[in-house]
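Q: Just one file: work-v7.cif, with mmCIF, C-alpha atoms.
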data_input
#
loop_
_atom_site.label_atom_id
_atom_site.label_comp_id
_atom_site.auth_asym_id
_atom_site.auth_seq_id
_atom_site.Cartn_x
_atom_site.Cartn_y
_atom_site.Cartn_z
CA MET A 1 27.87 -12.80 -29.05
CA LYS A 2 25.08 -12.65 -31.60
CA ASN A 3 25.41 -16.39 -32.33
CA LYS A 4 25.19 -17.25 -28.62
CA ALA A 5 22.16 -15.00 -28.12
CA TYR A 6 20.41 -16.41 -31.19
CA SER A 7 21.15 -19.94 -29.99
CA ALA A 8 19.58 -19.13 -26.60
CA VAL A 9 16.47 -17.68 -28.29
CA LYS A 10 16.02 -20.91 -30.24
CA LYS A 11 16.98 -23.28 -27.42
CA TYR A 12 14.52 -21.79 -24.94
CA ASN A 13 11.83 -20.88 -27.51
CA MET A 14 11.92 -17.24 -26.40
CA LEU A 15 10.35 -15.61 -29.45
CA GLN A 16 7.56 -16.35 -31.89
CA LYS A 17 6.46 -14.59 -35.05
CA ASN A 18 4.75 -11.21 -34.55
CA ASP A 19 5.78 -10.87 -30.89
CA THR A 20 5.86 -7.50 -29.18
CA VAL A 21 8.92 -7.18 -26.95
CA ILE A 22 9.47 -4.71 -24.11
CA VAL A 23 13.22 -4.11 -23.72
CA GLY A 24 14.64 -2.87 -20.44
CA LEU A 25 17.10 -0.24 -21.71
CA SER A 26 19.44 1.44 -19.20
CA GLY A 27 21.95 2.55 -21.83
CA GLY A 28 24.68 0.29 -20.42
CA ALA A 29 26.61 -2.18 -22.54
CA ASP A 30 24.35 -5.13 -21.73
CA SER A 31 21.01 -3.51 -22.52
CA THR A 32 22.42 -1.66 -25.54
CA ALA A 33 23.71 -4.95 -26.95
CA LEU A 34 20.33 -6.56 -26.25
CA LEU A 35 18.47 -3.83 -28.14
CA HIS A 36 20.76 -4.06 -31.17
CA PHE A 37 20.56 -7.85 -31.15
CA LEU A 38 16.75 -7.75 -31.17
CA LEU A 39 16.82 -5.16 -33.95
CA SER A 40 19.06 -7.49 -35.97
CA ILE A 41 16.44 -10.29 -35.83
CA LYS A 42 13.41 -8.00 -35.95
CA GLY A 43 12.67 -8.85 -39.57
CA GLU A 44 12.98 -12.61 -39.10
CA PHE A 45 10.38 -12.62 -36.30
CA ASN A 46 8.44 -9.53 -37.39
CA LEU A 47 8.94 -8.04 -33.93
CA ARG A 48 7.50 -4.87 -32.49
CA ILE A 49 10.13 -3.49 -30.10
CA ILE A 50 9.37 -1.02 -27.32
CA ALA A 51 12.13 0.23 -25.02
CA CYS A 52 11.55 1.10 -21.36
CA HIS A 53 13.96 3.29 -19.39
CA ILE A 54 13.79 4.16 -15.68
CA ASN A 55 15.50 7.28 -14.38
CA HIS A 56 16.03 6.45 -10.71
CA MET A 57 17.06 10.04 -9.97
CA LEU A 58 19.98 8.78 -7.86
CA ARG A 59 22.89 10.30 -9.79
CA GLY A 60 21.69 13.80 -10.68
CA ASP A 61 23.02 15.03 -14.01
CA GLU A 62 24.53 11.62 -14.81
CA ALA A 63 21.09 9.97 -14.61
CA ASP A 64 19.61 12.67 -16.85
CA SER A 65 22.49 12.19 -19.28
CA ASP A 66 21.77 8.44 -19.43
CA GLU A 67 18.13 9.17 -20.16
CA ASN A 68 19.09 11.50 -23.02
CA PHE A 69 21.48 8.87 -24.36
CA VAL A 70 18.70 6.28 -24.40
CA ARG A 71 16.37 8.72 -26.15
CA LYS A 72 18.99 9.23 -28.86
CA ILE A 73 19.54 5.48 -29.39
CA CYS A 74 15.81 4.93 -29.77
CA ASN A 75 15.38 7.93 -32.03
CA ASP A 76 18.29 6.84 -34.26
CA ASN A 77 16.85 3.32 -34.57
CA SER A 78 13.15 4.26 -34.77
CA VAL A 79 12.36 2.41 -31.54
CA GLU A 80 9.34 3.33 -29.41
CA LEU A 81 10.39 4.49 -25.94
CA ARG A 82 8.68 4.73 -22.56
CA VAL A 83 10.45 6.58 -19.73
CA LEU A 84 9.64 6.50 -16.03
CA ARG A 85 11.19 9.01 -13.65
CA VAL A 86 10.99 8.07 -9.96
CA ASP A 87 12.89 9.17 -6.85
CA ILE A 88 14.10 5.80 -5.61
CA HIS A 89 15.38 7.19 -2.29
CA LYS A 90 11.93 8.48 -1.36
CA GLU A 91 10.16 5.41 -2.73
CA ALA A 92 12.49 3.07 -0.78
CA GLN A 93 11.73 4.93 2.42
CA LYS A 94 8.01 4.69 1.69
CA ARG A 95 8.25 0.93 1.07
CA LYS A 96 10.71 0.46 3.96
CA ILE A 97 13.24 -1.44 1.83
CA GLY A 98 16.75 -0.79 0.49
CA THR A 99 17.29 1.33 -2.61
CA GLU A 100 18.70 -1.62 -4.58
CA GLU A 101 15.64 -3.79 -3.93
CA CYS A 102 13.31 -0.85 -4.47
CA GLY A 103 14.90 -0.14 -7.84
CA ARG A 104 14.39 -3.76 -8.87
CA GLN A 105 10.74 -3.68 -7.81
CA ILE A 106 10.07 -0.42 -9.63
CA ARG A 107 11.70 -1.71 -12.82
CA TYR A 108 9.64 -4.87 -12.98
CA GLU A 109 6.42 -3.06 -12.08
CA PHE A 110 7.05 -0.65 -14.97
CA PHE A 111 7.96 -3.47 -17.35
CA GLU A 112 4.91 -5.53 -16.39
CA LYS A 113 2.54 -2.58 -16.70
CA THR A 114 3.86 -1.75 -20.16
CA ALA A 115 3.85 -5.41 -21.23
CA ALA A 116 0.21 -5.75 -20.13
CA GLU A 117 -0.70 -2.74 -22.25
CA PHE A 118 0.72 -4.35 -25.39
CA ASN A 119 0.30 -8.05 -24.50
CA ALA A 120 4.07 -8.23 -24.82
CA LYS A 121 7.08 -10.19 -23.63
CA ILE A 122 9.74 -8.53 -21.49
CA ALA A 123 13.39 -8.86 -22.54
CA THR A 124 15.98 -8.13 -19.85
CA ALA A 125 19.73 -7.95 -20.41
CA HIS A 126 20.82 -10.50 -17.81
CA THR A 127 24.03 -12.23 -18.84
CA ALA A 128 26.10 -15.28 -17.93
CA SER A 129 28.17 -12.94 -15.76
CA ASP A 130 25.03 -11.77 -13.92
CA ASN A 131 24.07 -15.40 -13.43
CA ALA A 132 27.47 -16.23 -11.91
CA GLU A 133 27.19 -13.27 -9.53
CA THR A 134 23.66 -14.30 -8.54
CA VAL A 135 24.66 -17.88 -7.80
CA ILE A 136 27.61 -16.77 -5.68
CA PHE A 137 25.41 -14.25 -3.88
CA ASN A 138 22.85 -16.99 -3.16
CA MET A 139 25.56 -19.34 -1.91
CA THR A 140 26.79 -16.76 0.61
CA ARG A 141 23.27 -16.75 2.11
CA GLY A 142 23.11 -20.54 2.37
CA CYS A 143 20.88 -21.42 -0.57
CA GLY A 144 19.55 -24.78 -1.67
CA ILE A 145 19.07 -26.12 -5.18
CA LYS A 146 16.75 -23.23 -6.07
CA GLY A 147 19.51 -20.70 -5.40
CA LEU A 148 22.00 -22.65 -7.52
CA CYS A 149 19.56 -22.53 -10.44
CA GLY A 150 20.54 -18.88 -10.89
CA ILE A 151 18.67 -16.65 -13.32
CA PRO A 152 16.19 -18.60 -15.47
CA PRO A 153 16.44 -17.98 -19.24
CA VAL A 154 12.63 -17.73 -19.37
CA ARG A 155 10.21 -16.98 -16.55
CA ASP A 156 6.56 -16.39 -17.37
CA ASN A 157 6.62 -13.57 -19.98
CA ILE A 158 10.23 -12.57 -19.24
CA ILE A 159 12.97 -13.65 -21.67
CA ARG A 160 16.75 -13.26 -21.35
CA PRO A 161 18.45 -13.69 -24.74
CA LEU A 162 21.92 -12.79 -23.37
CA ILE A 163 21.89 -15.33 -20.53
CA GLU A 164 24.66 -17.44 -22.13
CA VAL A 165 26.84 -14.44 -23.10
CA THR A 166 29.54 -13.01 -20.81
CA ARG A 167 29.92 -9.33 -20.08
CA THR A 168 33.34 -9.35 -21.78
CA GLU A 169 31.79 -10.75 -24.97
CA ILE A 170 29.08 -8.09 -24.86
CA GLU A 171 31.51 -5.21 -24.53
CA GLU A 172 33.56 -6.62 -27.40
CA TYR A 173 30.36 -6.89 -29.51
CA CYS A 174 29.58 -3.21 -28.84
CA ARG A 175 33.12 -2.07 -29.66
CA THR A 176 33.32 -4.15 -32.84
CA ASN A 177 30.01 -2.80 -34.13
CA GLY A 178 30.56 0.77 -32.98
CA TYR A 179 27.66 0.77 -30.51
CA ASP A 180 28.13 3.47 -27.89
CA PHE A 181 27.01 2.79 -24.34
CA VAL A 182 27.10 4.51 -20.96
CA THR A 183 28.67 3.27 -17.75
CA ASP A 184 26.82 3.68 -14.47
CA SER A 185 29.28 5.08 -11.91
CA THR A 186 27.49 3.22 -9.10
CA ASN A 187 28.69 -0.05 -10.66
CA PHE A 188 32.05 0.63 -9.03
CA GLU A 189 30.72 1.48 -5.57
CA ARG A 190 31.32 -1.26 -3.04
CA ASP A 191 28.29 -0.25 -0.98
CA TYR A 192 26.26 -2.82 -2.92
CA THR A 193 26.80 -6.54 -2.25
CA ARG A 194 26.63 -7.49 -5.90
CA ASN A 195 29.27 -4.91 -6.78
CA ARG A 196 31.64 -6.39 -4.19
CA ILE A 197 31.08 -9.83 -5.68
CA ARG A 198 31.69 -8.47 -9.19
CA LEU A 199 34.73 -6.39 -8.30
CA ASP A 200 36.43 -8.46 -5.59
CA VAL A 201 35.23 -12.07 -5.69
CA ILE A 202 34.78 -12.89 -9.38
CA PRO A 203 38.33 -11.88 -10.40
CA VAL A 204 39.83 -14.22 -7.79
CA LEU A 205 37.65 -17.11 -8.93
CA LYS A 206 38.46 -16.43 -12.59
CA ASN A 207 42.15 -16.74 -11.77
CA ILE A 208 41.32 -20.28 -10.67
CA ASN A 209 38.93 -20.97 -13.56
CA PRO A 210 39.01 -18.51 -16.50
CA SER A 211 35.76 -20.08 -17.79
CA LEU A 212 33.93 -19.39 -14.54
CA GLU A 213 30.76 -17.94 -16.10
CA SER A 214 30.20 -20.79 -18.53
CA THR A 215 31.00 -23.36 -15.83
CA ILE A 216 28.42 -21.86 -13.47
CA ALA A 217 25.96 -21.57 -16.37
CA ARG A 218 26.24 -25.33 -17.00
CA MET A 219 25.81 -26.05 -13.30
CA SER A 220 22.73 -23.79 -13.15
CA ALA A 221 21.20 -25.58 -16.13
CA GLN A 222 21.73 -28.94 -14.39
CA MET A 223 20.30 -27.59 -11.13
CA ARG A 224 17.19 -26.35 -12.97
CA GLN A 225 16.61 -29.87 -14.30
CA ASN A 226 17.07 -31.33 -10.82
CA GLU A 227 14.80 -28.72 -9.28
CA LYS A 228 12.07 -29.40 -11.86
CA PHE A 229 12.23 -33.13 -11.13
CA ILE A 230 11.91 -32.54 -7.39
CA THR A 231 9.08 -30.03 -7.88
CA ASP A 232 7.19 -32.48 -10.10
CA CYS A 233 7.54 -35.17 -7.40
CA ALA A 234 6.37 -32.70 -4.74
CA GLU A 235 3.30 -31.67 -6.75
CA LYS A 236 2.31 -35.31 -7.28
CA ALA A 237 2.78 -36.03 -3.57
CA LEU A 238 0.56 -33.09 -2.58
CA ALA A 239 -2.10 -34.18 -5.06
CA ASN A 240 -2.05 -37.73 -3.65
CA ALA A 241 -2.23 -36.50 -0.05
CA LYS A 242 -4.95 -33.87 -0.53
CA THR A 243 -8.37 -34.45 1.03
CA SER A 244 -11.23 -32.21 2.10
CA ASN A 245 -9.77 -32.18 5.63
CA GLY A 246 -6.22 -31.27 4.60
CA TYR A 247 -3.18 -33.28 3.52
CA ARG A 248 -2.73 -36.82 4.80
CA THR A 249 0.39 -36.99 6.92
CA ASP A 250 0.74 -40.75 6.43
CA ILE A 251 1.38 -40.09 2.73
CA LEU A 252 3.61 -37.04 3.27
CA SER A 253 5.71 -38.81 5.93
CA GLN A 254 6.67 -41.53 3.43
CA LEU A 255 8.55 -38.99 1.31
CA ASP A 256 12.30 -38.53 1.56
CA ASP A 257 13.46 -35.25 3.12
CA THR A 258 14.10 -33.43 -0.17
CA PRO A 259 10.72 -34.03 -1.88
CA LEU A 260 8.92 -33.53 1.45
CA SER A 261 10.59 -30.14 1.96
CA ALA A 262 9.75 -29.22 -1.63
CA ALA A 263 6.11 -30.25 -1.09
CA LEU A 264 5.89 -28.15 2.07
CA ASN A 265 7.43 -25.20 0.22
CA LEU A 266 4.75 -25.48 -2.47
CA LEU A 267 2.00 -25.80 0.13
CA VAL A 268 3.08 -22.71 2.07
CA LYS A 269 3.35 -20.68 -1.15
CA LYS A 270 -0.30 -21.47 -1.93
CA TYR A 271 -1.12 -19.12 0.95
CA ASN A 272 1.04 -16.26 -0.38
CA ILE A 273 3.72 -16.88 2.23
CA ILE A 274 7.39 -16.78 1.26
CA PRO A 275 8.68 -19.95 2.95
CA GLU A 276 11.67 -19.74 5.28
CA SER A 277 13.92 -22.74 5.82
CA LYS A 278 13.32 -22.70 9.60
CA HIS A 279 9.57 -22.90 9.05
CA ILE A 280 9.88 -25.76 6.57
CA GLU A 281 12.02 -27.71 9.04
CA LEU A 282 9.46 -27.17 11.81
CA ILE A 283 6.53 -28.16 9.57
CA ARG A 284 8.43 -31.27 8.54
CA GLU A 285 8.70 -32.22 12.23
CA ILE A 286 4.96 -31.85 12.86
CA VAL A 287 4.18 -34.00 9.81
CA TYR A 288 5.79 -36.85 11.77
CA ASN A 289 4.82 -35.88 15.31
CA SER A 290 1.77 -33.54 15.14
CA GLY A 291 1.78 -29.99 16.46
CA ALA A 292 1.55 -26.43 15.13
CA VAL A 293 3.92 -23.87 13.57
CA ASN A 294 3.18 -20.14 13.42
CA LEU A 295 3.85 -18.70 9.95
CA LYS A 296 3.63 -15.21 8.49
CA ASN A 297 0.43 -13.38 7.45
CA ASN A 298 -1.44 -14.68 10.53
CA MET A 299 -1.33 -18.24 9.25
CA THR A 300 -0.50 -21.43 11.17
CA ALA A 301 0.50 -24.90 9.99
CA VAL A 302 -1.39 -27.51 12.04
CA SER A 303 -0.80 -31.27 12.00
CA LYS A 304 -3.50 -33.16 13.88
CA GLN A 305 -5.60 -36.32 13.56
CA GLY A 306 -3.53 -37.43 10.58
CA PHE A 307 -3.94 -34.26 8.52
CA LEU A 308 -1.73 -31.24 7.80
CA ARG A 309 -3.52 -27.93 7.24
CA ILE A 310 -2.59 -24.27 6.81
CA ILE A 311 -5.16 -22.22 8.69
CA SER A 312 -5.77 -18.62 9.66
CA SER A 313 -4.53 -17.66 13.13
CA VAL A 314 -7.21 -14.94 13.32
CA LYS A 315 -10.12 -16.09 15.44
CA HIS A 316 -13.62 -15.92 14.04
CA GLN A 317 -15.77 -13.18 15.45
CA GLU A 318 -17.45 -14.57 18.53
CA ASN A 319 -21.08 -14.27 19.61
CA GLU A 320 -22.28 -12.71 16.36
CA ILE A 321 -26.03 -13.28 16.25
CA ILE A 322 -28.28 -12.39 13.32
CA PRO A 323 -32.06 -12.80 13.87
CA TYR A 324 -34.06 -14.16 10.94
CA ASN A 325 -37.08 -11.99 10.13
CA ASP A 326 -37.94 -13.26 6.64
CA GLN A 327 -35.11 -11.32 4.98
CA ASN A 328 -33.75 -12.66 1.68
CA PHE A 329 -30.07 -12.51 2.66
CA ILE A 330 -28.01 -12.40 5.82
CA THR A 331 -24.25 -11.92 6.22
CA ILE A 332 -22.38 -13.46 9.14
CA ASN A 333 -18.63 -14.10 9.62
CA ASN A 334 -18.04 -12.71 6.12
CA LYS A 335 -20.36 -15.35 4.63
CA LYS A 336 -23.53 -14.47 2.74
CA ILE A 337 -26.51 -16.79 3.04
CA SER A 338 -29.48 -16.58 0.67
CA LEU A 339 -32.91 -17.45 2.09
CA LEU A 340 -35.50 -18.47 -0.51
CA LYS A 341 -39.08 -18.82 0.71
CA MET A 342 -41.52 -20.61 -1.62
CA ASN A 343 -44.67 -22.72 -1.59
CA ILE A 344 -44.42 -26.49 -1.94
CA ASP A 345 -45.33 -26.50 -5.64
CA GLU A 346 -42.60 -24.00 -6.44
CA PHE A 347 -40.18 -26.06 -4.35
CA ASN A 348 -40.98 -29.29 -6.18
CA LYS A 349 -40.15 -27.58 -9.47
CA TYR A 350 -37.02 -25.99 -8.00
CA LYS A 351 -35.57 -29.22 -6.64
CA LYS A 352 -35.84 -30.80 -10.11
CA ILE A 353 -33.46 -28.11 -11.34
CA ASN A 354 -31.18 -28.33 -8.30
CA ASN A 355 -31.24 -31.85 -6.87
CA LEU A 356 -28.74 -30.88 -4.14
CA VAL A 357 -31.11 -28.43 -2.52
CA PHE A 358 -33.14 -30.87 -0.37
CA ASN A 359 -30.63 -31.17 2.51
CA ASN A 360 -30.76 -27.40 2.96
CA SER A 361 -34.56 -27.06 2.77
CA MET A 362 -36.77 -26.56 5.83
CA ASP A 363 -40.46 -26.71 6.61
CA TYR A 364 -40.93 -22.99 7.14
CA ASP A 365 -44.01 -23.36 9.34
CA THR A 366 -42.08 -25.46 11.91
CA ILE A 367 -39.34 -22.88 12.47
CA PRO A 368 -39.55 -21.32 15.98
CA SER A 369 -40.05 -17.57 16.27
CA ASN A 370 -36.76 -17.03 18.17
CA ARG A 371 -34.65 -18.33 15.25
CA VAL A 372 -31.21 -16.78 14.73
CA PHE A 373 -28.03 -17.34 12.74
CA ARG A 374 -24.89 -17.71 14.85
CA THR A 375 -21.83 -19.87 15.49
CA ARG A 376 -21.62 -22.68 18.04
CA LYS A 377 -21.81 -22.39 21.80
CA SER A 378 -21.72 -24.81 24.70
CA GLY A 379 -24.86 -26.96 25.07
CA ASP A 380 -25.85 -26.99 21.39
CA VAL A 381 -27.65 -30.14 20.22
CA PHE A 382 -28.63 -31.46 16.78
CA THR A 383 -31.05 -34.17 15.66
CA LEU A 384 -29.43 -36.21 12.92
CA PRO A 385 -31.45 -36.18 9.68
CA ARG A 386 -31.55 -39.90 8.94
CA ARG A 387 -31.02 -41.55 12.35
CA ASN A 388 -33.57 -39.73 14.55
CA VAL A 389 -30.82 -39.41 17.17
CA THR A 390 -30.11 -36.20 19.06
CA LYS A 391 -26.44 -35.51 19.87
CA SER A 392 -24.42 -32.69 21.29
CA LEU A 393 -23.04 -30.58 18.49
CA LYS A 394 -19.51 -31.17 19.82
CA LYS A 395 -19.88 -34.95 19.52
CA TYR A 396 -21.47 -34.61 16.09
CA PHE A 397 -18.58 -32.49 14.79
CA ILE A 398 -16.14 -35.08 16.14
CA GLU A 399 -18.13 -37.83 14.41
CA LEU A 400 -17.96 -35.91 11.13
CA ARG A 401 -14.19 -35.43 11.66
CA ILE A 402 -14.51 -31.69 11.14
CA PRO A 403 -11.12 -30.14 12.00
CA GLN A 404 -11.28 -28.44 15.39
CA GLU A 405 -10.00 -25.12 14.07
CA LYS A 406 -12.89 -24.96 11.56
CA ARG A 407 -15.70 -25.60 14.04
CA ASP A 408 -15.95 -22.07 15.43
CA GLY A 409 -16.47 -20.66 11.92
CA ILE A 410 -19.37 -22.93 10.90
CA ILE A 411 -22.69 -21.06 10.58
CA LEU A 412 -25.69 -22.42 12.45
CA PHE A 413 -29.43 -21.67 12.29
CA ALA A 414 -30.67 -22.11 15.85
CA SER A 415 -33.50 -21.71 18.31
CA GLY A 416 -31.91 -21.56 21.74
CA SER A 417 -29.61 -24.60 21.97
CA ASP A 418 -31.62 -26.50 19.34
CA ILE A 419 -29.75 -26.43 16.03
CA LEU A 420 -32.10 -26.30 13.06
CA TRP A 421 -29.48 -26.25 10.28
CA ILE A 422 -25.70 -26.61 10.00
CA GLU A 423 -23.64 -25.06 7.22
CA GLY A 424 -22.28 -27.84 5.00
CA THR A 425 -24.30 -30.56 6.78
CA GLY A 426 -27.97 -29.75 6.40
CA VAL A 427 -31.25 -29.55 8.29
CA SER A 428 -32.22 -31.24 11.55
CA LYS A 429 -34.68 -34.13 11.21
CA ASN A 430 -37.22 -32.11 13.21
CA TYR A 431 -37.43 -29.37 10.55
CA ARG A 432 -37.04 -31.19 7.27
CA VAL A 433 -39.52 -30.91 4.42
CA SER A 434 -42.23 -33.57 4.69
CA GLU A 435 -45.44 -34.58 2.94
CA ASN A 436 -47.32 -32.13 5.17
CA THR A 437 -45.12 -29.15 4.28
CA LYS A 438 -46.85 -26.18 2.70
CA THR A 439 -44.09 -23.55 2.71
CA VAL A 440 -40.36 -24.21 2.26
CA LEU A 441 -37.28 -22.18 3.27
CA VAL A 442 -34.15 -22.95 1.23
CA LEU A 443 -30.79 -21.90 2.71
CA GLU A 444 -27.73 -21.48 0.49
CA ILE A 445 -24.23 -20.18 1.19
CA GLN A 446 -23.24 -17.77 -1.57
CA LYS A 447 -19.77 -18.42 -3.01
#
Please go through the file and, once you have read it, give me the structure as structure tokens.
A:
Amino acid sequence: MKNKAYSAVKKYNMLQKNDTVIVGLSGGADSTALLHFLLSIKGEFNLRIIACHINHMLRGDEADSDENFVRKICNDNSVELRVLRVDIHKEAQKRKIGTEECGRQIRYEFFEKTAAEFNAKIATAHTASDNAETVIFNMTRGCGIKGLCGIPPVRDNIIRPLIEVTRTEIEEYCRTNGYDFVTDSTNFERDYTRNRIRLDVIPVLKNINPSLESTIARMSAQMRQNEKFITDCAEKALANAKTSNGYRTDILSQLDDTPLSAALNLLVKKYNIIPESKHIELIREIVYNSGAVNLKNNMTAVSKQGFLRIISSVKHQENEIIPYNDQNFITINNKKISLLKMNIDEFNKYKKINNLVFNNSMDYDTIPSNRVFRTRKSGDVFTLPRRNVTKSLKKYFIELRIPQEKRDGIILFASGSDILWIEGTGVSKNYRVSENTKTVLVLEIQK
């Protein structure tokens, strides 16, 4: 076991000199073996090892006994220990999830918090047997390549030195070296899906293939390579298709189904949405044919005018009107606009520092007294800065190819239906700074 674990550490570059490692220590065979393995190479890597134990308070005296066992292991081996006690039943009800998922969330939150405190890596005791169970579990839910990848040996700051070791090899390692461990009684309860896979499915499959864990481990490694290749292709495709108006559908539609689906998965994730296969299929359809798909978190995928965009489904606040009375800042539609008033000499110095400021600078003395900040409304008109042509704002937005769903959120400075300034576009020709200007108003959206 130790040779396999050491080989995995080297193969996946899990540890460097002087690392601090947070070890998830339940007291079971897997985590006990992991702790002793890390202690055995502590000198070689000059490791600082800190154990973390979570008492889920699900098994009464048995859970307390496990906690005491872990305290003794750490005390006997001079290992720092952090313990978290949490009532998983109550916490699961609060989070409105199952106890199994809640326990997983709580564990990783505790590990991550402790790792952040020490700028440490997190070592978990996932094994080749856990990987096999995970892959089978994913298959029963209809997974794709990602699900067949199983448990990654390294993910961010999480390392899994035992990922190529079977549970049988771990238990033999503990017995041979005289390492005591505890056994969680819930491991034999068939209320949990993973337990049913471990207890009922794996033995049948191992009768067919005694090397099941290592076989699935090799398959997972191959699937990770395939998945990385597809992800790299998807990222390049998104980069090539990206424009200020969204993602060009003519580029995306040239992709084969697999890289296109992967690209859409990546795109949806950028908006903190966990992609569902049904949504990806629907988005793929609108890439070819235009349309819209409602997603989670009040977001919508829209394919229109040759561009794919993910936009908010929440409408901008309508009819918000902010009068301008020489204030220095105004806030409208969650955007803050700074308003700098200066004489022409100050402005001439300022524009040398910021040569992008001219398009957003107005002759203050020409601004009508009924000036307000607002969003668009029917009948708005704008005089183009360089063409001395007055157009309806609707036609001008179409000319600029501004996506329709963005138009209602654009901030305007207006006097009646006469638009003095447009966010992102600039000032009307009628109000621009000229040779006769004495006082200048500079408008700037604060990021």
Q: Write out as a ChimeraX atom specification each polymer residue whose atoms come within 10 Å of region 145-161 of chain A, counting only C-alpha atoms; drop sequence neighbours fewer than 4 positions from it.
A: /A:2,4-15,21-23,34,37-38,108,111-112,115,119-128,130-139,141,165,216-228,230
Q: List as a list in words the protein and nucleic acid residues near region 318-331 of chain A, meaning an atom at most 8 Å away when all atoms listed in the file are counted, but skip any in the same chain fewer than 5 places from it.
A: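 Once the adjacent positions are removed, what remains is Lys336, Ile337, Ser338, Leu339, Leu340, Asn370, Arg371, Val372, Phe373, Arg374 and Thr375 of chain A.
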Q: Which residue gives the smallest distance to Arg432 (chain A) among A:Tyr364, A:Phe413, A:Tyr396, A:Phe181, with all atoms listed in the file counted?
A: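 Going through A:Tyr364, A:Phe413, A:Tyr396, A:Phe181 one by one, the smallest distance to Arg432 (chain A) is for A:Tyr364.
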Q: Starting from the PyMOL selection byres ((chain A and resi 56-69) around 8), expand the selection into actual residues of this file and give them as a list in words.
A: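 For this structure, the PyMOL selection byres ((chain A and resi 56-69) around 8) resolves to Ser26, Gly27, His53, Ile54, Asn55, Val70, Arg71, Lys72, Ile73, Arg85, Val86, Asp87, Ile88, His89, Gly103 and Val182 of chain A.
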Q: CA of Gly424 (chain A) to CA of Asn298 (chain A): how many Å, to one decimal?
A: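 If I compute the distance from CA of Gly424 (chain A) to CA of Asn298 (chain A), I get 25.3 Å.
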Q: For the file shown, report as a ChimeraX atom specification the outcome of the PyMOL selection byres ((chain A and resi 291) around 6) at residue level.
A: /A:286,290,292,302-303
Q: Nearest to Glu285 (chain A): which of A:Arg104, A:Asn388, A:Ser312, A:Leu252 is it, counting all atoms listed in the file?
A: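 For Glu285 (chain A), the nearest of the candidates is A:Leu252.
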Q: Could you tell me which residues the PyMOL selection byres ((chain A and resi 179) around 9) returns for this structure, as a list of chain:residue names?
A: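 Here the PyMOL selection byres ((chain A and resi 179) around 9) matches A:Ala29, A:Thr32, A:Ala33, A:His36, A:Tyr173, A:Cys174, A:Arg175, A:Thr176, A:Asn177, A:Gly178, A:Asp180, A:Phe181.
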Q: Quick check, in Å to one decimal: how far apart do CA of Asp30 (chain A) and CA of Thr114 (chain A) lie?
A: 20.8 Å
Q: Just to confirm, what's the straight-line distance from CA of Leu443 (chain A) to CA of Phe347 (chain A) in Å (one decimal)?
A: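 Going from CA of Leu443 (chain A) over to CA of Phe347 (chain A), I get 12.5 Å.
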Q: Given the choices A:Thr258, A:Asn245, A:Ser129, A:Asn240, which gets closest to Pro203 (chain A) if the distance is worked out from only C-alpha atoms?
A: A:Ser129
Q: Taking into account all atoms listed in the file, which residue in the set A:Ile419, A:Ser214, A:Met1, A:Lys335 is nearest to Glu172 (chain A)?
A: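 Smallest separation from Glu172 (chain A) among the options: A:Met1.
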Q: Which one is closest to Ala414 (chain A): A:Asp76, A:Glu100, A:Asp380, A:Asp257? Count all atoms listed in the file.
A: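 So, comparing all the options, the nearest one is A:Asp380.
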Q: Can you tell me, as a list of chain:residue names, what residues are no more than 6 Å from region 383-385 of chain A when counting all atoms listed in the file, ignoring any on the same chain fewer than 2 positions away?
A: A:Arg387, A:Asn388, A:Val389, A:Thr390, A:Ser428, A:Lys429
Q: Closest to Ala234 (chain A) among A:Glu405, A:Glu444, A:Asp256, A:Asp250, using only C-alpha atoms?
A: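 Using only C-alpha atoms, Ala234 (chain A) sits closest to A:Asp256.
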